[in-house]
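Listing of data-v1.cif; format and content: mmCIF, C-alpha atoms.
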```
data_work
loop_
_atom_site.label_atom_id
_atom_site.label_comp_id
_atom_site.auth_asym_id
_atom_site.auth_seq_id
_atom_site.Cartn_x
_atom_site.Cartn_y
_atom_site.Cartn_z
CA MET V 1 0.00 0.00 0.00
CA ASN V 2 1.22 3.52 -0.78
CA GLN V 3 2.18 5.82 2.09
CA ALA V 4 0.14 9.04 2.15
CA VAL V 5 2.35 11.95 3.23
CA ILE V 6 1.73 15.58 4.09
CA VAL V 7 3.99 17.81 2.04
CA ASP V 8 2.58 21.13 3.24
CA ALA V 9 -0.27 22.57 5.33
CA ILE V 10 -1.37 26.19 5.53
CA ARG V 11 -4.27 28.30 6.76
CA THR V 12 -5.62 31.80 6.87
CA ALA V 13 -5.66 33.70 10.11
CA SER V 14 -9.11 33.66 11.70
CA GLY V 15 -11.64 36.41 11.22
CA LYS V 16 -14.60 37.11 13.49
CA GLY V 17 -17.60 35.46 11.87
CA LYS V 18 -19.90 38.45 11.94
CA PRO V 19 -20.43 41.68 10.00
CA GLY V 20 -17.35 43.82 10.43
CA GLY V 21 -15.04 40.84 10.93
CA ALA V 22 -11.69 41.02 9.21
CA LEU V 23 -12.69 38.51 6.50
CA ALA V 24 -16.37 39.39 6.22
CA GLY V 25 -15.77 41.20 2.93
CA VAL V 26 -14.20 38.16 1.25
CA HIS V 27 -16.33 35.72 -0.74
CA PRO V 28 -15.75 32.22 0.73
CA ALA V 29 -14.75 30.77 -2.65
CA ALA V 30 -12.17 33.55 -3.01
CA LEU V 31 -11.00 32.91 0.55
CA LEU V 32 -10.38 29.23 -0.14
CA GLY V 33 -9.10 29.94 -3.64
CA GLY V 34 -6.38 32.18 -2.26
CA VAL V 35 -5.19 29.41 0.05
CA LEU V 36 -5.18 26.84 -2.77
CA ARG V 37 -3.15 29.16 -5.01
CA GLN V 38 -0.56 29.84 -2.31
CA LEU V 39 -0.31 26.13 -1.44
CA VAL V 40 0.82 25.13 -4.92
CA GLU V 41 2.93 28.24 -5.50
CA ARG V 42 5.00 27.88 -2.35
CA ASN V 43 5.77 24.26 -3.26
CA GLY V 44 6.63 25.01 -6.89
CA LEU V 45 3.88 22.62 -7.98
CA ASP V 46 2.11 22.88 -11.32
CA SER V 47 -1.57 22.83 -10.31
CA GLU V 48 -2.31 20.72 -13.38
CA ARG V 49 -0.66 17.80 -11.56
CA VAL V 50 -3.34 17.81 -8.83
CA ASP V 51 -5.61 14.77 -9.25
CA ASP V 52 -8.44 16.09 -7.06
CA VAL V 53 -9.40 18.74 -4.53
CA ILE V 54 -11.58 17.61 -1.62
CA ALA V 55 -13.09 20.48 0.36
CA GLY V 56 -14.92 20.52 3.67
CA CYS V 57 -17.79 22.95 4.16
CA VAL V 58 -20.79 22.67 6.48
CA PHE V 59 -23.34 25.24 5.34
CA GLN V 60 -23.35 24.54 1.62
CA ASN V 61 -25.89 27.16 0.60
CA ALA V 62 -25.83 30.71 -0.74
CA GLU V 63 -22.21 31.68 -1.51
CA GLN V 64 -20.99 28.29 -0.27
CA SER V 65 -23.29 26.29 -2.54
CA TYR V 66 -22.74 24.53 -5.85
CA ASN V 67 -19.59 22.62 -4.85
CA ILE V 68 -17.44 25.40 -3.41
CA GLY V 69 -14.32 23.26 -3.79
CA ARG V 70 -14.64 23.44 -7.57
CA THR V 71 -15.49 27.16 -7.56
CA ALA V 72 -12.50 27.88 -5.33
CA LEU V 73 -9.97 26.01 -7.45
CA LEU V 74 -11.18 27.79 -10.60
CA ALA V 75 -10.94 31.11 -8.73
CA ALA V 76 -7.39 30.11 -7.79
CA GLY V 77 -6.46 29.73 -11.46
CA PHE V 78 -6.18 25.94 -11.47
CA PRO V 79 -6.72 24.37 -14.91
CA GLU V 80 -10.27 23.37 -15.77
CA SER V 81 -9.07 19.75 -15.91
CA VAL V 82 -8.69 19.61 -12.10
CA PRO V 83 -11.88 18.29 -10.42
CA ALA V 84 -13.16 18.88 -6.90
CA THR V 85 -15.83 17.73 -4.50
CA THR V 86 -17.22 19.19 -1.30
CA VAL V 87 -18.03 17.04 1.74
CA ASP V 88 -20.09 17.60 4.87
CA ARG V 89 -19.35 15.74 8.07
CA GLN V 90 -20.38 18.76 10.09
CA CYS V 91 -17.50 20.18 12.16
CA GLY V 92 -15.25 17.34 10.95
CA SER V 93 -15.73 18.15 7.27
CA GLY V 94 -12.16 19.32 6.71
CA GLN V 95 -10.76 16.38 8.67
CA GLN V 96 -12.92 13.99 6.63
CA ALA V 97 -11.60 15.66 3.46
CA ALA V 98 -8.09 14.80 4.65
CA HIS V 99 -9.15 11.21 5.37
CA PHE V 100 -10.65 10.78 1.91
CA ALA V 101 -7.62 12.37 0.26
CA ALA V 102 -5.07 10.26 2.12
CA GLN V 103 -7.09 7.08 1.69
CA GLY V 104 -7.28 7.76 -2.05
CA VAL V 105 -3.50 8.05 -2.19
CA MET V 106 -3.04 4.87 -0.16
CA ALA V 107 -5.41 2.99 -2.49
CA GLY V 108 -3.55 4.20 -5.58
CA ALA V 109 -6.42 6.35 -6.87
CA TYR V 110 -4.43 9.59 -6.45
CA ASP V 111 -0.81 10.67 -6.65
CA ILE V 112 -1.40 14.28 -5.61
CA VAL V 113 -4.51 15.59 -3.89
CA VAL V 114 -5.43 18.67 -1.87
CA ALA V 115 -7.63 18.39 1.23
CA CYS V 116 -9.01 21.71 2.35
CA GLY V 117 -11.89 23.45 4.05
CA VAL V 118 -13.65 26.78 4.32
CA GLU V 119 -16.43 28.45 6.25
CA SER V 120 -17.52 32.08 6.13
CA MET V 121 -19.83 32.33 9.12
CA SER V 122 -20.18 36.07 8.60
CA ARG V 123 -21.56 35.68 5.06
CA VAL V 124 -23.35 32.32 5.36
CA PRO V 125 -24.75 32.29 8.90
CA MET V 126 -24.88 29.12 10.95
CA GLY V 127 -28.18 27.32 10.38
CA SER V 128 -29.10 29.35 7.31
CA SER V 129 -29.36 26.27 5.09
CA THR V 130 -32.55 24.99 6.70
CA GLN V 131 -34.61 28.09 5.75
CA GLY V 132 -37.40 27.20 8.18
CA ALA V 133 -37.48 23.50 7.22
CA ASP V 134 -37.17 20.68 9.75
CA PRO V 135 -34.44 18.30 8.56
CA PHE V 136 -35.08 16.00 11.52
CA ALA V 137 -38.80 15.40 10.96
CA PRO V 138 -38.32 11.72 9.95
CA LEU V 139 -36.54 11.04 13.27
CA THR V 140 -39.47 11.83 15.58
CA THR V 141 -40.46 8.16 15.92
CA ARG V 142 -36.97 7.10 16.98
CA TYR V 143 -36.32 10.23 19.08
CA PRO V 144 -39.75 11.35 20.35
CA ALA V 145 -38.22 14.01 22.59
CA GLY V 146 -36.90 15.74 19.47
CA GLN V 147 -33.41 16.84 18.55
CA THR V 148 -31.13 18.77 20.85
CA HIS V 149 -28.54 21.21 19.53
CA GLN V 150 -24.83 21.39 20.21
CA GLY V 151 -25.11 23.90 23.03
CA ILE V 152 -27.41 21.56 24.93
CA GLY V 153 -25.06 18.67 24.17
CA ALA V 154 -22.21 20.68 25.68
CA GLU V 155 -24.34 21.38 28.76
CA LEU V 156 -25.20 17.69 29.15
CA ILE V 157 -21.51 16.75 28.93
CA ALA V 158 -20.59 19.33 31.59
CA SER V 159 -23.29 17.96 33.86
CA ARG V 160 -22.64 14.25 33.30
CA TRP V 161 -18.86 14.53 33.62
CA LYS V 162 -19.24 16.90 36.60
CA ILE V 163 -17.29 19.79 35.06
CA ASP V 164 -18.14 22.97 36.94
CA ARG V 165 -18.30 26.53 35.60
CA GLU V 166 -14.96 27.49 37.14
CA GLU V 167 -13.17 24.63 35.39
CA LEU V 168 -14.79 25.48 32.07
CA ASP V 169 -13.78 29.12 32.35
CA ALA V 170 -10.25 28.25 33.47
CA PHE V 171 -9.84 26.05 30.40
CA ALA V 172 -11.00 28.92 28.18
CA VAL V 173 -8.44 31.24 29.78
CA ARG V 174 -5.76 28.60 29.13
CA SER V 175 -6.73 28.46 25.45
CA HIS V 176 -6.28 32.20 25.03
CA GLU V 177 -3.05 32.26 27.02
CA LEU V 178 -1.48 29.45 24.97
CA ALA V 179 -2.63 30.98 21.67
CA ALA V 180 -1.36 34.43 22.68
CA ARG V 181 2.02 32.91 23.61
CA ALA V 182 2.18 31.13 20.26
CA VAL V 183 1.46 34.42 18.50
CA SER V 184 4.15 36.19 20.53
CA ASP V 185 6.67 33.44 19.80
CA GLY V 186 5.97 33.61 16.06
CA PHE V 187 4.80 30.00 16.02
CA PHE V 188 1.87 30.66 13.67
CA ASP V 189 4.04 32.57 11.19
CA GLY V 190 5.00 29.24 9.64
CA GLU V 191 1.42 28.23 8.88
CA ILE V 192 -0.58 31.41 8.21
CA VAL V 193 -0.73 32.75 4.65
CA PRO V 194 -1.93 36.31 3.98
CA VAL V 195 -5.40 37.20 2.77
CA PRO V 196 -5.23 40.39 0.65
CA LEU V 197 -7.67 43.09 1.77
CA GLU V 198 -8.16 46.68 0.63
CA GLU V 199 -6.56 47.95 3.83
CA GLY V 200 -3.69 45.46 3.73
CA ALA V 201 -3.17 41.73 4.20
CA HIS V 202 -4.89 39.88 7.04
CA THR V 203 -2.24 37.79 8.83
CA ALA V 204 -3.19 37.65 12.53
CA ASP V 205 -5.91 35.63 14.26
CA GLU V 206 -8.68 38.07 15.15
CA THR V 207 -10.30 35.85 17.77
CA VAL V 208 -7.40 35.55 20.23
CA ARG V 209 -7.97 37.68 23.35
CA PRO V 210 -4.70 37.87 25.33
CA GLY V 211 -6.27 39.71 28.26
CA THR V 212 -8.92 37.10 29.01
CA THR V 213 -9.31 36.37 32.73
CA ALA V 214 -11.42 33.98 34.75
CA GLU V 215 -13.02 36.96 36.49
CA ARG V 216 -14.22 38.40 33.18
CA LEU V 217 -15.53 35.07 31.97
CA ALA V 218 -17.38 34.52 35.25
CA SER V 219 -19.52 37.59 34.50
CA LEU V 220 -20.94 36.12 31.28
CA ARG V 221 -24.45 34.69 31.26
CA PRO V 222 -25.08 31.11 30.07
CA ALA V 223 -25.72 31.14 26.33
CA PHE V 224 -28.25 28.34 25.86
CA ILE V 225 -30.88 28.67 28.61
CA ASP V 226 -34.13 27.29 27.24
CA GLU V 227 -37.31 26.47 29.18
CA GLU V 228 -38.18 23.43 27.07
CA PHE V 229 -34.74 21.89 27.47
CA ALA V 230 -34.70 22.82 31.16
CA ARG V 231 -37.83 20.69 31.65
CA ARG V 232 -36.43 17.85 29.56
CA TYR V 233 -33.00 17.84 31.25
CA PRO V 234 -33.38 19.01 34.87
CA GLU V 235 -29.76 17.99 35.58
CA ILE V 236 -28.47 20.91 33.50
CA ASP V 237 -27.48 23.93 35.56
CA TRP V 238 -26.39 26.08 32.61
CA ARG V 239 -22.62 26.47 32.62
CA ILE V 240 -21.83 27.01 28.91
CA THR V 241 -21.25 30.63 27.90
CA ALA V 242 -19.90 32.52 24.91
CA GLY V 243 -16.61 32.71 26.81
CA ASN V 244 -16.06 28.97 27.21
CA SER V 245 -17.29 28.16 23.69
CA SER V 246 -15.65 28.66 20.31
CA PRO V 247 -16.59 31.91 18.52
CA LEU V 248 -18.24 32.19 15.11
CA THR V 249 -15.31 32.37 12.70
CA ASP V 250 -14.32 32.85 9.07
CA GLY V 251 -11.34 30.95 7.70
CA ALA V 252 -9.86 28.53 5.18
CA SER V 253 -7.03 25.98 5.24
CA ALA V 254 -5.46 23.39 2.94
CA VAL V 255 -3.14 20.38 3.09
CA LEU V 256 -1.04 19.07 0.18
CA ILE V 257 -1.09 15.27 0.27
CA MET V 258 0.93 12.95 -2.00
CA SER V 259 2.19 9.43 -2.31
CA GLU V 260 5.67 9.11 -0.86
CA GLN V 261 6.97 8.14 -4.30
CA ARG V 262 5.50 11.19 -6.06
CA ALA V 263 6.87 13.56 -3.43
CA ALA V 264 10.34 12.06 -3.90
CA ALA V 265 10.08 12.32 -7.68
CA LEU V 266 9.20 16.01 -7.39
CA GLY V 267 11.98 16.68 -4.89
CA LEU V 268 9.53 17.63 -2.15
CA ARG V 269 10.21 16.71 1.48
CA PRO V 270 7.28 15.07 3.30
CA ARG V 271 6.62 16.59 6.69
CA ALA V 272 4.42 13.84 8.13
CA ARG V 273 2.53 10.70 7.16
CA PHE V 274 -0.97 9.52 7.92
CA HIS V 275 -0.77 6.61 10.35
CA THR V 276 -4.35 5.78 11.40
CA PHE V 277 -7.92 6.88 10.66
CA ALA V 278 -11.14 6.33 12.59
CA VAL V 279 -14.70 7.60 12.49
CA ALA V 280 -17.46 6.91 14.99
CA GLY V 281 -21.09 7.65 15.61
CA SER V 282 -22.48 8.47 19.04
CA ASP V 283 -25.69 9.40 20.84
CA PRO V 284 -27.22 12.36 18.96
CA GLU V 285 -28.68 13.67 22.22
CA THR V 286 -25.38 14.52 23.88
CA MET V 287 -24.06 14.74 20.30
CA LEU V 288 -20.46 15.70 21.09
CA THR V 289 -19.27 12.52 22.85
CA GLY V 290 -18.15 10.80 19.63
CA VAL V 291 -14.59 11.90 20.42
CA LEU V 292 -14.45 9.11 23.00
CA PRO V 293 -15.22 6.06 20.81
CA ALA V 294 -13.32 7.61 17.88
CA THR V 295 -10.21 7.97 20.04
CA ARG V 296 -10.51 4.42 21.35
CA ARG V 297 -10.92 3.08 17.82
CA ALA V 298 -7.90 5.01 16.52
CA LEU V 299 -5.69 3.86 19.39
CA GLU V 300 -6.76 0.23 18.95
CA ARG V 301 -6.12 0.30 15.20
CA SER V 302 -2.77 2.05 15.54
CA GLY V 303 -1.35 -0.11 18.31
CA ILE V 304 0.05 3.08 19.84
CA ALA V 305 -0.55 3.80 23.53
CA LEU V 306 -1.99 7.21 24.34
CA GLY V 307 1.09 7.95 26.46
CA ALA V 308 3.31 7.57 23.39
CA ILE V 309 1.46 10.33 21.53
CA ASP V 310 3.21 13.68 21.84
CA ALA V 311 0.31 16.05 21.23
CA TYR V 312 -3.49 15.82 21.18
CA GLU V 313 -5.69 18.24 19.25
CA VAL V 314 -9.22 17.78 20.63
CA ASN V 315 -11.34 20.49 19.07
CA GLU V 316 -12.58 23.08 21.53
CA ALA V 317 -16.07 23.54 20.13
CA PHE V 318 -17.02 23.91 23.81
CA ALA V 319 -14.67 23.61 26.79
CA SER V 320 -16.68 20.69 28.17
CA VAL V 321 -15.67 18.44 25.23
CA PRO V 322 -11.85 18.34 25.69
CA LEU V 323 -12.28 18.36 29.47
CA ALA V 324 -14.57 15.30 29.34
CA TRP V 325 -12.03 13.70 26.98
CA LEU V 326 -9.26 14.35 29.51
CA ARG V 327 -11.35 12.86 32.31
CA GLU V 328 -12.20 9.77 30.28
CA PHE V 329 -8.64 8.95 29.16
CA GLY V 330 -6.58 10.34 32.04
CA ALA V 331 -4.39 11.98 29.42
CA ASP V 332 -1.55 14.43 30.04
CA ALA V 333 -3.20 17.85 30.06
CA GLU V 334 0.05 19.53 28.99
CA ARG V 335 -0.11 17.75 25.63
CA LEU V 336 -3.70 18.84 24.94
CA ASN V 337 -4.09 21.67 22.42
CA PRO V 338 -0.63 23.02 23.31
CA ARG V 339 -0.94 26.09 21.05
CA GLY V 340 -4.44 26.99 22.17
CA GLY V 341 -7.61 25.72 20.60
CA ALA V 342 -10.81 26.83 18.94
CA ILE V 343 -11.97 28.86 21.94
CA ALA V 344 -9.12 31.26 21.12
CA LEU V 345 -8.26 30.52 17.50
CA GLY V 346 -11.83 30.14 16.25
CA HIS V 347 -13.86 27.37 14.68
CA PRO V 348 -14.58 28.05 10.98
CA LEU V 349 -16.58 24.83 10.77
CA GLY V 350 -15.62 23.33 7.41
CA SER V 351 -12.02 24.50 7.73
CA SER V 352 -11.34 23.41 11.30
CA GLY V 353 -10.24 19.87 10.44
CA THR V 354 -7.44 20.95 8.13
CA ARG V 355 -6.65 23.93 10.38
CA LEU V 356 -6.02 21.62 13.35
CA LEU V 357 -3.95 19.33 11.15
CA THR V 358 -1.85 22.29 10.00
CA THR V 359 -1.09 23.33 13.58
CA LEU V 360 -0.48 19.76 14.74
CA VAL V 361 2.11 19.09 12.02
CA ARG V 362 3.95 22.29 12.84
CA HIS V 363 3.89 21.63 16.59
CA LEU V 364 5.45 18.19 16.12
CA GLU V 365 8.16 19.73 13.94
CA VAL V 366 8.98 22.51 16.39
CA THR V 367 9.05 20.21 19.42
CA GLY V 368 10.57 17.12 17.77
CA GLY V 369 7.53 15.02 18.66
CA ARG V 370 6.76 11.89 16.68
CA TYR V 371 3.02 11.16 16.92
CA GLY V 372 0.01 13.47 16.98
CA LEU V 373 -3.67 12.67 17.55
CA GLN V 374 -6.45 14.86 16.20
CA VAL V 375 -10.09 14.26 17.13
CA MET V 376 -13.15 16.33 16.28
CA CYS V 377 -16.69 16.25 17.70
CA GLU V 378 -19.43 16.69 15.10
CA GLY V 379 -23.08 17.62 14.85
CA GLY V 380 -25.54 14.75 14.79
CA GLY V 381 -23.36 12.62 17.08
CA MET V 382 -20.17 11.70 15.19
CA ALA V 383 -16.41 12.18 15.36
CA ASN V 384 -13.26 11.77 13.29
CA ALA V 385 -9.90 10.74 14.72
CA THR V 386 -6.54 10.88 12.92
CA ILE V 387 -3.08 9.85 14.03
CA ILE V 388 -0.11 11.29 12.13
CA GLU V 389 3.61 10.59 12.38
CA ARG V 390 6.20 13.32 11.85
CA LEU V 391 8.85 12.45 9.27
#
```
Once more with this new file: its structure as structure tokens, please.
Amino acid sequence: MNQAVIVDAIRTASGKGKPGGALAGVHPAALLGGVLRQLVERNGLDSERVDDVIAGCVFQNAEQSYNIGRTALLAAGFPESVPATTVDRQCGSGQQAAHFAAQGVMAGAYDIVVACGVESMSRVPMGSSTQGADPFAPLTTRYPAGQTHQGIGAELIASRWKIDREELDAFAVRSHELAARAVSDGFFDGEIVPVPLEEGAHTADETVRPGTTAERLASLRPAFIDEEFARRYPEIDWRITAGNSSPLTDGASAVLIMSEQRAAALGLRPRARFHTFAVAGSDPETMLTGVLPATRRALERSGIALGAIDAYEVNEAFASVPLAWLREFGADAERLNPRGGAIALGHPLGSSGTRLLTTLVRHLEVTGGRYGLQVMCEGGGMANATIIERL
């Protein structure tokens, strides 16, 4: 079987996903197209050699509709002969794009493929694709209590794993502190590519708040209080706030994946290889617990003990998710999201999978670590897990 290697991984800096955010004036296809163009240019790669582009995007409507992966590569100037597809595994869409891309290389279907992702939450608001429809109507027989949403899932996790408000807020402060330190150290300079704007290039994450304190976060009201859900789940005492959740974010990212043989033939140095993949479904009520079975499955398939993994990227959609993960596995907290996570760096849904992969590869390089684990909770009760090995 071919080895699937990561030759390069880049991302935009985050923009606040609301009107007035740094990237709110950029069409999402142009945002992703700019990343695709810079990915091939900085590796001296003729884009005509790319066998496929696989893009993650969650809200595939309005400006993100009609296969945004294909629109973006054409906007980037790729030849018309290069195809693309766009996938939706909710928050894990970009990570699933990387799985599909690497698995295609390993199977011999691709030599060179780009996995990428984009989400403009300022221009295509979260939930806008339903337009008043009920996508869950056929599930009422199986789930008579109806569907929860991710905020309620995060509350249920906090309650069931006994994670109190102070711990949630302290974790959020940690995320901002680690991200701010990474910014100060220039760590992200090696992964962020500029987005041209009228007023100059956007190159710094807009969502990092260096001055965040536990005292400030303690003053925020819970974000998801709802009378219906309060009756349905009396154990919830409403601990999830805007401060201990990831912010709405705009962003794009991309990973250049090749067979080991093709990279060698082109004189390109692989930075890491894909070691293990796993996906899992979980209870759609708590929704965000899929990170637990996905992690177990990845570890079992890899034969690698959790203690031998040098860094864990567990997406910080809400602080309760990585904290429950830590409780469940007894993992080393120092290795968890060591450059900050989505609470600070943002969560541009479709892009987050390849954004985390970009940061994980770079962290292993800077620290000399060998193995990295990435796991992502997803809407509807699912998760992706990936183990990579630095080369």
Can you turn the PyMOL selection byres ((chain V and resi 359) around 12) into a concrete residue list for this file, as a ChimeraX atom specification?
/V:8-13,179,182,187-192,253-255,311-313,315,337-342,345,352-358,360-366,372-374
Saved selection, atoms kept: C-alpha atoms, as a CSV table (one decimal), in the coordinates of the input:
```
chain,number,residue,atom,x,y,z
V,8,ASP,CA,2.6,21.1,3.2
V,9,ALA,CA,-0.3,22.6,5.3
V,10,ILE,CA,-1.4,26.2,5.5
V,11,ARG,CA,-4.3,28.3,6.8
V,12,THR,CA,-5.6,31.8,6.9
V,13,ALA,CA,-5.7,33.7,10.1
V,179,ALA,CA,-2.6,31.0,21.7
V,182,ALA,CA,2.2,31.1,20.3
V,187,PHE,CA,4.8,30.0,16.0
V,188,PHE,CA,1.9,30.7,13.7
V,189,ASP,CA,4.0,32.6,11.2
V,190,GLY,CA,5.0,29.2,9.6
V,191,GLU,CA,1.4,28.2,8.9
V,192,ILE,CA,-0.6,31.4,8.2
V,253,SER,CA,-7.0,26.0,5.2
V,254,ALA,CA,-5.5,23.4,2.9
V,255,VAL,CA,-3.1,20.4,3.1
V,311,ALA,CA,0.3,16.0,21.2
V,312,TYR,CA,-3.5,15.8,21.2
V,313,GLU,CA,-5.7,18.2,19.2
V,315,ASN,CA,-11.3,20.5,19.1
V,337,ASN,CA,-4.1,21.7,22.4
V,338,PRO,CA,-0.6,23.0,23.3
V,339,ARG,CA,-0.9,26.1,21.0
V,340,GLY,CA,-4.4,27.0,22.2
V,341,GLY,CA,-7.6,25.7,20.6
V,342,ALA,CA,-10.8,26.8,18.9
V,345,LEU,CA,-8.3,30.5,17.5
V,352,SER,CA,-11.3,23.4,11.3
V,353,GLY,CA,-10.2,19.9,10.4
V,354,THR,CA,-7.4,21.0,8.1
V,355,ARG,CA,-6.6,23.9,10.4
V,356,LEU,CA,-6.0,21.6,13.4
V,357,LEU,CA,-4.0,19.3,11.2
V,358,THR,CA,-1.8,22.3,10.0
V,360,LEU,CA,-0.5,19.8,14.7
V,361,VAL,CA,2.1,19.1,12.0
V,362,ARG,CA,4.0,22.3,12.8
V,363,HIS,CA,3.9,21.6,16.6
V,364,LEU,CA,5.4,18.2,16.1
V,365,GLU,CA,8.2,19.7,13.9
V,366,VAL,CA,9.0,22.5,16.4
V,372,GLY,CA,0.0,13.5,17.0
V,373,LEU,CA,-3.7,12.7,17.6
V,374,GLN,CA,-6.4,14.9,16.2
```
Output the residue selection produced by the PyMOL selection byres ((chain V and resi 301-310) around 7) on the file above, formatted as a ChimeraX atom specification.
/V:276,297-300,311,335,369-373
Between CA of Gly350 (chain V) and CA of Gln60 (chain V) - distance in Å to one decimal
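It comes out at 9.7 Å.
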For CA of Asp164 (chain V) and CA of His347 (chain V), determine how far apart the two atoms are, in Å to one decimal place.
23.1 Å
Using only C-alpha atoms, collect all residues at a distance of at most 8 Å from (-11.5, 13.9, 18.1) as written in the file, then present them as a PDB file with C-alpha atoms, keeping the file's coordinate frame.
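This is the output file point34.pdb:
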```
ATOM      1  CA  GLY V 290     -18.150  10.800  19.630  1.00  0.00           C
ATOM      2  CA  VAL V 291     -14.590  11.900  20.420  1.00  0.00           C
ATOM      3  CA  LEU V 292     -14.450   9.110  23.000  1.00  0.00           C
ATOM      4  CA  ALA V 294     -13.320   7.610  17.880  1.00  0.00           C
ATOM      5  CA  THR V 295     -10.210   7.970  20.040  1.00  0.00           C
ATOM      6  CA  GLU V 313      -5.690  18.240  19.250  1.00  0.00           C
ATOM      7  CA  VAL V 314      -9.220  17.780  20.630  1.00  0.00           C
ATOM      8  CA  ASN V 315     -11.340  20.490  19.070  1.00  0.00           C
ATOM      9  CA  LEU V 373      -3.670  12.670  17.550  1.00  0.00           C
ATOM     10  CA  GLN V 374      -6.450  14.860  16.200  1.00  0.00           C
ATOM     11  CA  VAL V 375     -10.090  14.260  17.130  1.00  0.00           C
ATOM     12  CA  MET V 376     -13.150  16.330  16.280  1.00  0.00           C
ATOM     13  CA  CYS V 377     -16.690  16.250  17.700  1.00  0.00           C
ATOM     14  CA  ALA V 383     -16.410  12.180  15.360  1.00  0.00           C
ATOM     15  CA  ASN V 384     -13.260  11.770  13.290  1.00  0.00           C
ATOM     16  CA  ALA V 385      -9.900  10.740  14.720  1.00  0.00           C
ATOM     17  CA  THR V 386      -6.540  10.880  12.920  1.00  0.00           C
TER      18      THR V 386
END
```
Care to translate the PyMOL selection byres ((chain V and resi 77) around 10) into actual residues of this file, as an NGL selection string?
:V and (33-34 or 36-37 or 47 or 72-76 or 78-80)
Hey, which of V:Gly243, V:Pro322, V:Pro348, V:Gly127 ends up closest to His176 (chain V)? Count all atoms listed in the file.
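Of V:Gly243, V:Pro322, V:Pro348, V:Gly127, the one nearest His176 (chain V), counting all atoms listed in the file, is V:Gly243.
Within 6 Å of the point (-17.7, 16.3, 23.9), and counting only C-alpha atoms, the protein, DNA and RNA residues are Leu288, Thr289 and Val321 of chain V.
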Which value, in Å to one decimal, gives the distance between CA of Asp111 (chain V) and CA of Glu378 (chain V)?
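So the answer is 29.3 Å.
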Of the candidates V:Ala223, V:Ala154, V:Ala84, V:Val118, which one gets nearest to Asp51 (chain V) if we count all atoms listed in the file?
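Answer, going by the shortest atom-to-atom distance: V:Ala84.
In this comparison, which uses all atoms listed in the file, the residue of V:Pro284, V:Leu32, V:Ser159, V:Ala278 approaching Gly92 (chain V) most closely is V:Ala278.
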Region 210-219 of chain V environment, 8 Å, only C-alpha atoms, sequence neighbours closer than 3 positions dropped, as a PyMOL selection string:
chain V and resi 166+169-170+173+176-177+180+243-244
With all atoms of region 274-293 of chain V from the file as input, state the centre and edge lengths in Å to one decimal of the axis-aligned box that has 4 Å extra on each side, as AutoDock Vina command-line options.
```
--center_x -14.7 --center_y 10.7 --center_z 15.9 --size_x 35.9 --size_y 17.9 --size_z 24.0
```
Between V:Val195, V:Ile387, V:Leu45, V:Leu220, which is the closest to Gly15 (chain V) once you count all atoms listed in the file?
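Closest residue, counting all atoms listed in the file: V:Val195.
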Looking at all atoms listed in the file, which of V:Arg49, V:Thr148, V:Ser259, V:Phe274 is the one that sits closest to Ala230 (chain V)?
V:Thr148
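Closest approach to Gly104 (chain V) from the set V:Ala29, V:Val5, V:Ala62, V:Met382 is made by V:Val5, with distances taken over all atoms listed in the file.
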From the coordinates I just gave you, please extract region 13-32 of chain V so that only C-alpha atoms remain, then output it as a CSV table (one decimal), in the first residue's frame.
```
chain,number,residue,atom,x,y,z
V,13,ALA,CA,-5.7,33.7,10.1
V,14,SER,CA,-9.1,33.7,11.7
V,15,GLY,CA,-11.6,36.4,11.2
V,16,LYS,CA,-14.6,37.1,13.5
V,17,GLY,CA,-17.6,35.5,11.9
V,18,LYS,CA,-19.9,38.5,11.9
V,19,PRO,CA,-20.4,41.7,10.0
V,20,GLY,CA,-17.4,43.8,10.4
V,21,GLY,CA,-15.0,40.8,10.9
V,22,ALA,CA,-11.7,41.0,9.2
V,23,LEU,CA,-12.7,38.5,6.5
V,24,ALA,CA,-16.4,39.4,6.2
V,25,GLY,CA,-15.8,41.2,2.9
V,26,VAL,CA,-14.2,38.2,1.2
V,27,HIS,CA,-16.3,35.7,-0.7
V,28,PRO,CA,-15.8,32.2,0.7
V,29,ALA,CA,-14.7,30.8,-2.7
V,30,ALA,CA,-12.2,33.5,-3.0
V,31,LEU,CA,-11.0,32.9,0.6
V,32,LEU,CA,-10.4,29.2,-0.1
```
